[in-house]
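Take a look at the structure set out below.
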Amino acid sequence: MTSRTRAYVLFLFVGLCPLAQADSQTKPPKQAERYEFRQQHDPDGIGKFYMGREIAQVMGHQGATWLERPEREKEEHCSKLLPALALGNGDRVADIGAGSGFYTFQLSQLVGAKGRVFAVDIQPEMLNIIKSRMRNWRLKNIQPVQGTISDPKLKPNDLDLILMVDVYHEFSHPYEMTAAMVKALKPRGRLVFVEYRMEDDKVPIKLVHKMTKKQVAKEMEPFALRHVETLNHLPWQHIIIYEKVEKKDPKTNVEK
């Protein structure tokens, strides 16, 4: 583990705890029942639990340099991720939790001038970094989008692929976010999770910032998604790919 990796925890932003407390008082009953709040919890989590998993603290914009660290390729083999997504010229893609745009700008090259990359983040500071680089590099196929903690602000049935790199486990409203992302996908559009493997104790990342394949499957079960494949060729992360399916005909149980 490098010193920069160990420093990761210094950049975790704790600002969601008050939001979690407010949610428990203001949400309608059905929504409140989705989440559990505990006073005793992992110090790197927000004390809010979903399907037995504690939600992790968000990494704030102060951690942008960690996302761009020179040794990231050596540690995570980032160059092996995007080819596995099989994107084509003209595809419409969302990079959720885009941060400083580490993957956004690589995606923009893959989809070409006719394609579109929606760089979604809840932190305006992160989006400002992306906008500055867009101007410097004169890129026209990226659209920064400021989402909220429960809505990525994307058009319905518009996207070929949604990519989330080390971000889903930080969603304070995972159910609502997933519902919105599924809605934004075209039929057979893909939802891609890149998450640090909790199954591997050697992955040098805080526990609440990891996820198991089983937990991802559990949390996706309520949605109109089909598991396509899980790739494990990255040293630290799973690549877990789902596909949006049409609703099934209740008479035949066949996708329409």
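Naming scheme: A, B, ... for chains in displayed order of the structure tokens; residues 1 onward per chain; ligands 1 onward as shown.
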So which residues touch segment 73-80 of chain A within 7 Å, counting only C-alpha atoms, skipping near sequence neighbours fewer than 6 positions away, as an MDAnalysis selection string?
chainID A and resid 234:236
What would the file look like if the residues just selected were written as an mmCIF file, in the first residue's frame with C-alpha atoms?
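Listing of part_14.cif after writing:
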```
data_model
loop_
_atom_site.group_PDB
_atom_site.id
_atom_site.type_symbol
_atom_site.label_atom_id
_atom_site.label_comp_id
_atom_site.auth_asym_id
_atom_site.auth_seq_id
_atom_site.Cartn_x
_atom_site.Cartn_y
_atom_site.Cartn_z
ATOM 1 C CA LEU A 234 -8.632 -5.958 -12.157
ATOM 2 C CA PRO A 235 -6.341 -6.376 -9.129
ATOM 3 C CA TRP A 236 -8.598 -4.647 -6.584
#
```
Tell me which protein, DNA and RNA residues are within 7 Å of segment 220-227 of chain A, counting only C-alpha atoms, leaving out same-chain ones fewer than 3 positions away, and put them as a ChimeraX atom specification.
/A:216-217,241-245,247
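Using only C-alpha atoms, the nearest neighbour of Ile240 of chain A within the list A:Arg188, A:Arg34, A:Lys48, A:Lys214 is A:Lys214.
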Could you write out, as JSON, numbers by chain, all the residues of segment 4-228 of chain A that DSSP marks as helix (DSSP H, G or I)?
{"A": [4, 5, 6, 7, 8, 9, 10, 11, 17, 18, 19, 20, 21, 22, 23, 24, 25, 26, 29, 30, 31, 32, 61, 62, 63, 64, 65, 66, 67, 72, 73, 74, 75, 76, 78, 79, 80, 82, 83, 84, 85, 104, 105, 106, 107, 108, 109, 110, 111, 124, 125, 126, 127, 128, 129, 130, 131, 132, 133, 134, 135, 136, 137, 168, 169, 170, 174, 175, 176, 177, 178, 179, 180, 181, 182, 183, 184, 207, 208, 209, 213, 214, 215, 216, 217, 218, 219, 220]}
Step one, run DSSP on the backbone; step two, keep only residues of segment 19-216 of chain A assigned to strand (DSSP E or B); then write them as a VMD selection string.
chain A and resid 35 to 37 45 to 50 53 to 56 58 to 59 92 to 96 116 to 121 142 to 146 159 to 165 185 to 197 210 to 211
Do you have, as a Markdown table, the list of residues of segment 96-144 of chain A lying at most 9 Å from segment 158-182 of chain A, each with its nearest atom pair and that distance in Å to one decimal, counting only C-alpha atoms and ordered by chain then number?
```
| residue | atom | partner | partner_atom | distance |
| --- | --- | --- | --- | --- |
| A:Ile96 | CA | A:Met164 | CA | 5.3 |
| A:Gly97 | CA | A:Val167 | CA | 6.0 |
| A:Ala98 | CA | A:Met164 | CA | 8.1 |
| A:Tyr103 | CA | A:Val165 | CA | 8.5 |
```
Any chance you can output those residues with C-alpha atoms as a PDB file, in the first residue's frame?
```pdb
ATOM      1  CA  ILE A  96     -21.932   8.811 -12.159  1.00  0.00           C
ATOM      2  CA  GLY A  97     -19.795  10.288  -9.407  1.00  0.00           C
ATOM      3  CA  ALA A  98     -17.489  11.581 -12.102  1.00  0.00           C
ATOM      4  CA  TYR A 103     -12.792   8.316 -16.530  1.00  0.00           C
TER       5      TYR A 103
END
```
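One distance worth recording is that between atom CA of Asn141 of chain A and atom CA of Lys186 of chain A, which is 19.2 Å.
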